[in-house]
2 protein chains.
Amino acid sequence: MSLDDRKFRILQAIIDDYILTAMPVGSRTISKKGGMTLSSATIRNEMSDLEELGYLDQPHTSSGRVPSWKAYRLYVDRLLQVASLPPEESARVKEIFKTRMDQMEDVFAAAARAISELTDYAGVLIAPRAGRVQRVQLVPITANTALMVTVTDNGIHKDSVVPIPGGLSPDHLYMISNVLTERAQGHTIAEILPMANELLRDMGLHRAFFLSLLDRLARQMEPDSAAVVVGSASKLLAQPEFSDIERARGLLSALETKDQLARLLSARSQIEFSITIGPELMLDGMQNSSLVTMSYSLGGGAGAMGVIGPSRMQYGRVLGILSAMRQALNEIDEKPGKG
Amino acid sequence: MSLDDRKFRILQAIIDDYILTAMPVGSRTISKKGGMTLSSATIRNEMSDLEELGYLDQPHTSSGRVPSWKAYRLYVDRLLQVASLPPEESARVKEIFKTRMDQMEDVFAAAARAISELTDYAGVLIAPRAGRVQRVQLVPITANTALMVTVTDNGIHKDSVVPIPGGLSPDHLYMISNVLTERAQGHTIAEILPMANELLRDMGLHRAFFLSLLDRLARQMEPDSAAVVVGSASKLLAQPEFSDIERARGLLSALETKDQLARLLSARSQIEFSITIGPELMLDGMQNSSLVTMSYSLGGGAGAMGVIGPSRMQYGRVLGILSAMRQALNEIDEKPGKG
DNA sequence: TGTTAGCACTCATGCCCATCGAGTGCTAAG
DNA sequence: CTTAGCACTCGATGGGCATGAGTGCTAACA
């Protein structure tokens with residue numbers, strides 16, 4: 001017994017219905033659907049086959065069928081099409097970045113929030129991974145600490161507090177910044193670290209200091225959990241699958257462990273879009289959830305954004321929204337000063 | 001009829017019990033308590049009086065009594081004492097900041113998360129308001145944008161992207177930064193804005209540019225929602241009052257509107273500690289919640305941290321934890337380089 | 001051989017109703 | 001003023017029953 005065309009069409013109809021209603025789907029429901037000319041009895045036989053093939057589950061005898069994650073996988077692989085947004089929604093997406101934003105962080109936060117608002121699921125986003133070093137600058141804080149600000153060519157900047165040797169004036173720091181910038185400019189951190197020896201050779205006096213700066217630089221460029229933004233996770237509580245409070249708690253606390261999300265998203269920043277379903281995520285508390293991501297590019301760097309919601313997700317619609325958002329993010333590059 | 005000593009002791013016993021059990025408290029429960037030598041009938045009479053006085057509510061006839069917010073108010077005003085932490089918990093607080101942290105943000109995030117972990121409620125924190133300007137520095141990003149980094153004397157730093165006139169070299173920007181630093185150093189933003197005219201008089205060519213810098217400076221120093229950190233809000237879902245999913249959703253989405261929290265917390269950063277109960281918060285979705293805050297000081301600036309949970313909260317314990325956390329935050333000042 | 005009508009069966013759901021028990025208010029006696 | 005006693009209230013619990021959505025199976029049909 002194999003998955004012939006008719007079985008496939010029936011499975012599709014079941015998934016479509018379940019996505020909308022979140023209720024087990026019965027044979028009569030499918031039989032009455034437009035386009036389907038088979039009796040409920042025939043559908044029943046097919047459904048029984050589909051269950052045997054692993055595409056459907058039955059919560060209990062004499063209840064309707066529920067799609068398994070394998071069914072969703074088939075569904076998104078074979079017949080998913082990106083839904084085009086109604087004009088008022090795509091207008092809303094375009095509006096988001098019209099307001100003035102000083103910092104990249106504001107852009108990311110706004111995007112994640114907007115994804116939540118539009119999809120009614122939880123929006124997540126990771127900032128692009130830092131690219132090539134554009135400039136490194138030390139800003140004095142106290143007599144023995146400075147702020148090391150690193151700007152990369154994709155508009156990302158990071159800062160961290162570094163201890164500095166005593167007796168360095170702001171002008172000293174500026175000169176050191178310039179030397180550091182000169183050496184590091186245009187390089188990724190992977191390229192900079194091997195240069196350490198060469199750099200250090202010239203540095204007579206302040207070897208240890210320079211080494212600590214390089215160390216910080218390397219850490220700044222790593223993808224980190226601070227780059228992850230979660231939109232309105234509370235939206236998820238409106239979904240019927242989370243009327244069970246324990247399940248809701250599991251998912252929400254998974255959303256709060258940012259480094260887990262950072263791993264998921266940064267692994268997907270090189271992939272145009274991805275759909276990962278329940279068990280495929282291999283994470284506690286997310287067996288019944290799906291992650292839909294789409295990469296975006298901003299300032300030459302690649303980031304990823306996505307949606308976390310129940311496996312019973314409107315995948316086509318979500319992809320449509322993410323795709324509109326990607327376009328909106330891309331357009332930010334074109335206008336200077338970020339809005 | 002007034003609130004005599006006996007009524008007060010009975011009320012206290014009711015609140016103590018309700019805080020632990022979250023169940024309406026009956027007269028027999030109180031009568032059997034150690035220290036109480038009255039019969040349940042007498043307690044009933046007193047409880048009836050307490051209800052009339054507005055300190056107790058009765059969900060329905062023939063159920064036990066539940067404290068009203070007025071009762072909690074009295075409770076915290078008159079008989080609250082800060083619970084001292086068991087040694088292993090205060091040890092845990094001390095451990096939190098032992099790990100290496102590059103940025104103030106990491107410290108704040110760790111503190112908020114720790115408050116959640118220890119209390120089982122949602123931890124919230126606002127960074128200290130920026131103090132006096134220590135240094136302003138422009139770091140070039142592109143030919144016509146720069147990052148304006150402002151460091152204040154309390155260790156807070158902020159950055160924002162500013163457009164710059166074409167043709168300014170990094171050295172130019174450095175010089176401008178030095179001028180700006182010289183004028184602004186040691187002043188609060190409230191003091192800087194009136195100086196604008198004087199500053200601008202000297203600036204011949206780049207008036208407009210300087211004006212925009214001052215504008216940004218002013219906005220950077222405002223308390224902003226980015227300074228708010230929320231710990232593990234999902235902890236709240238374990239509380240029995242949030243088994244009602246709608247109530248949980250209301251509170252969680254209130255926790256997601258950061259500017260509201262920013263207002264609440266920054267208003268409390270000058271107050272040693274505060275307890276605000278349900279209706280006193282005057283916020284949708286928080287009628288049944290309480291906010292307990294405690295201010296802290298870090299680098300000479302005052303911030304506030306706190307806990308949001310059900311009104312039925314272990315106030316004494318929460319204050320104990322916050323108080324330990326305040327001490328731990330204060331100690332960060334003493335060791336350089338933030339751990 | 002595939003399709004379908006028919007039928008017995010299952011199981012969740014909702015409803016009614018009786019029971020239970022925690023808790024109350026009131027009264028009268030101490 | 002306190003308290004024992006008692007009738008009463010009302011939510012919670014659980015059994016019994018009808019309902020209905022849904023199934024699997026069988027037998028007849030094209």
# chains A, B, ... in the order shown; residues from 1 in each chain; ligands from 1
$ select_by_dssp --residues "region 86-252 of chain B" --states "strand (DSSP E or B)" --output "JSON, numbers by chain"
{"B": [122, 123, 124, 125, 126, 133, 134, 135, 136, 137, 138, 139, 140, 141, 142, 145, 146, 147, 148, 149, 150, 151, 152, 157, 158, 159, 160, 161, 162, 163, 228, 229, 230]}
$ write_last_selection --atoms "C-alpha atoms" --output "CSV table (one decimal), in the first residue's frame"
chain,number,residue,atom,x,y,z
B,122,ALA,CA,8.5,37.4,37.5
B,123,GLY,CA,11.6,39.5,38.1
B,124,VAL,CA,11.8,42.9,36.6
B,125,LEU,CA,14.6,45.5,36.6
B,126,ILE,CA,15.4,48.9,35.2
B,133,VAL,CA,28.0,62.8,31.0
B,134,GLN,CA,31.5,61.5,31.3
B,135,ARG,CA,32.4,61.3,27.7
B,136,VAL,CA,30.8,61.6,24.2
B,137,GLN,CA,32.5,59.9,21.3
B,138,LEU,CA,31.6,59.6,17.6
B,139,VAL,CA,32.7,56.4,16.0
B,140,PRO,CA,32.5,56.4,12.2
B,141,ILE,CA,30.3,53.8,10.6
B,142,THR,CA,29.9,54.8,7.0
B,145,THR,CA,26.8,57.9,9.6
B,146,ALA,CA,28.5,57.6,12.9
B,147,LEU,CA,27.8,55.9,16.2
B,148,MET,CA,27.4,58.4,19.0
B,149,VAL,CA,28.6,56.6,22.2
B,150,THR,CA,27.8,58.4,25.5
B,151,VAL,CA,29.4,57.2,28.7
B,152,THR,CA,28.1,58.5,32.0
B,157,HIS,CA,26.6,53.8,28.2
B,158,LYS,CA,24.3,54.3,25.3
B,159,ASP,CA,24.8,54.5,21.6
B,160,SER,CA,22.8,55.6,18.7
B,161,VAL,CA,23.4,56.0,15.0
B,162,VAL,CA,23.6,59.7,13.8
B,163,PRO,CA,23.8,61.1,10.3
B,228,VAL,CA,13.9,47.2,31.3
B,229,VAL,CA,14.6,43.6,31.7
B,230,VAL,CA,12.1,40.9,32.5
$ interface_residues --of "chain A" --to "chain D" --cutoff "10 Å" --atoms "only C-alpha atoms (C1' of nucleotides)" --output "list in words"
Pro24, Val25, Gly26, Ser27, Arg28, Ala41, Arg44, Asn45, Ser48, His60, Thr61, Ser62, Ser63, Gly64 and Arg65 of chain A
$ residues_around --residues "Ile96 (chain B)" --least-positions-apart "2" --cutoff "9 Å" --atoms "only C-alpha atoms (C1' of nucleotides)" --output "ChimeraX atom specification"
/B:91-94,98-99,107,110-111,114,328
$ closest_residue --among "A:Ile19, A:Leu74, A:Leu217, A:Met313" --to "chain B" --atoms "only C-alpha atoms"
A:Leu217
$ interface_residues --of "chain C" --to "chain B" --cutoff "12 Å" --atoms "only C-alpha atoms (C1' of nucleotides)" --output "list of chain:residue names"
C:DG21, C:DA22, C:DG23, C:DT24, C:DG25, C:DC26
$ residues_around --residues "Arg247 (chain A)" --least-positions-apart "5" --cutoff "9 Å" --atoms "only C-alpha atoms (C1' of nucleotides)" --output "list in words"
Glu241, Phe242, Leu252, Gly285 and Met286 of chain A
$ write_last_selection --atoms "N, CA and C atoms" --output "mmCIF file, in the first residue's frame"
data_model
loop_
_atom_site.group_PDB
_atom_site.id
_atom_site.type_symbol
_atom_site.label_atom_id
_atom_site.label_comp_id
_atom_site.auth_asym_id
_atom_site.auth_seq_id
_atom_site.Cartn_x
_atom_site.Cartn_y
_atom_site.Cartn_z
ATOM 1 N N GLU A 241 -4.317 24.859 21.619
ATOM 2 C CA GLU A 241 -3.450 23.807 22.158
ATOM 3 C C GLU A 241 -2.787 24.211 23.467
ATOM 4 N N PHE A 242 -2.793 25.507 23.770
ATOM 5 C CA PHE A 242 -2.136 25.927 24.997
ATOM 6 C C PHE A 242 -3.122 26.257 26.100
ATOM 7 N N LEU A 252 6.746 28.481 26.791
ATOM 8 C CA LEU A 252 7.194 29.829 27.146
ATOM 9 C C LEU A 252 8.580 29.797 27.772
ATOM 10 N N GLY A 285 9.609 20.543 25.471
ATOM 11 C CA GLY A 285 8.574 21.573 25.479
ATOM 12 C C GLY A 285 8.201 22.069 24.102
ATOM 13 N N MET A 286 8.824 21.517 23.057
ATOM 14 C CA MET A 286 8.469 21.985 21.720
ATOM 15 C C MET A 286 8.056 20.840 20.799
#
$ residues_around --residues "Tyr296 (chain B)" --least-positions-apart "4" --cutoff "8 Å" --atoms "only C-alpha atoms (C1' of nucleotides)" --output "list in words"
Ser269, Glu272, Ala302, Gly303, Ala304, Met305, Arg326, Leu329 and Asn330 of chain B
$ closest_residue --among "B:Asp153, B:Glu280, B:Glu182, B:Asp49" --to "chain A" --atoms "only C-alpha atoms"
B:Asp153
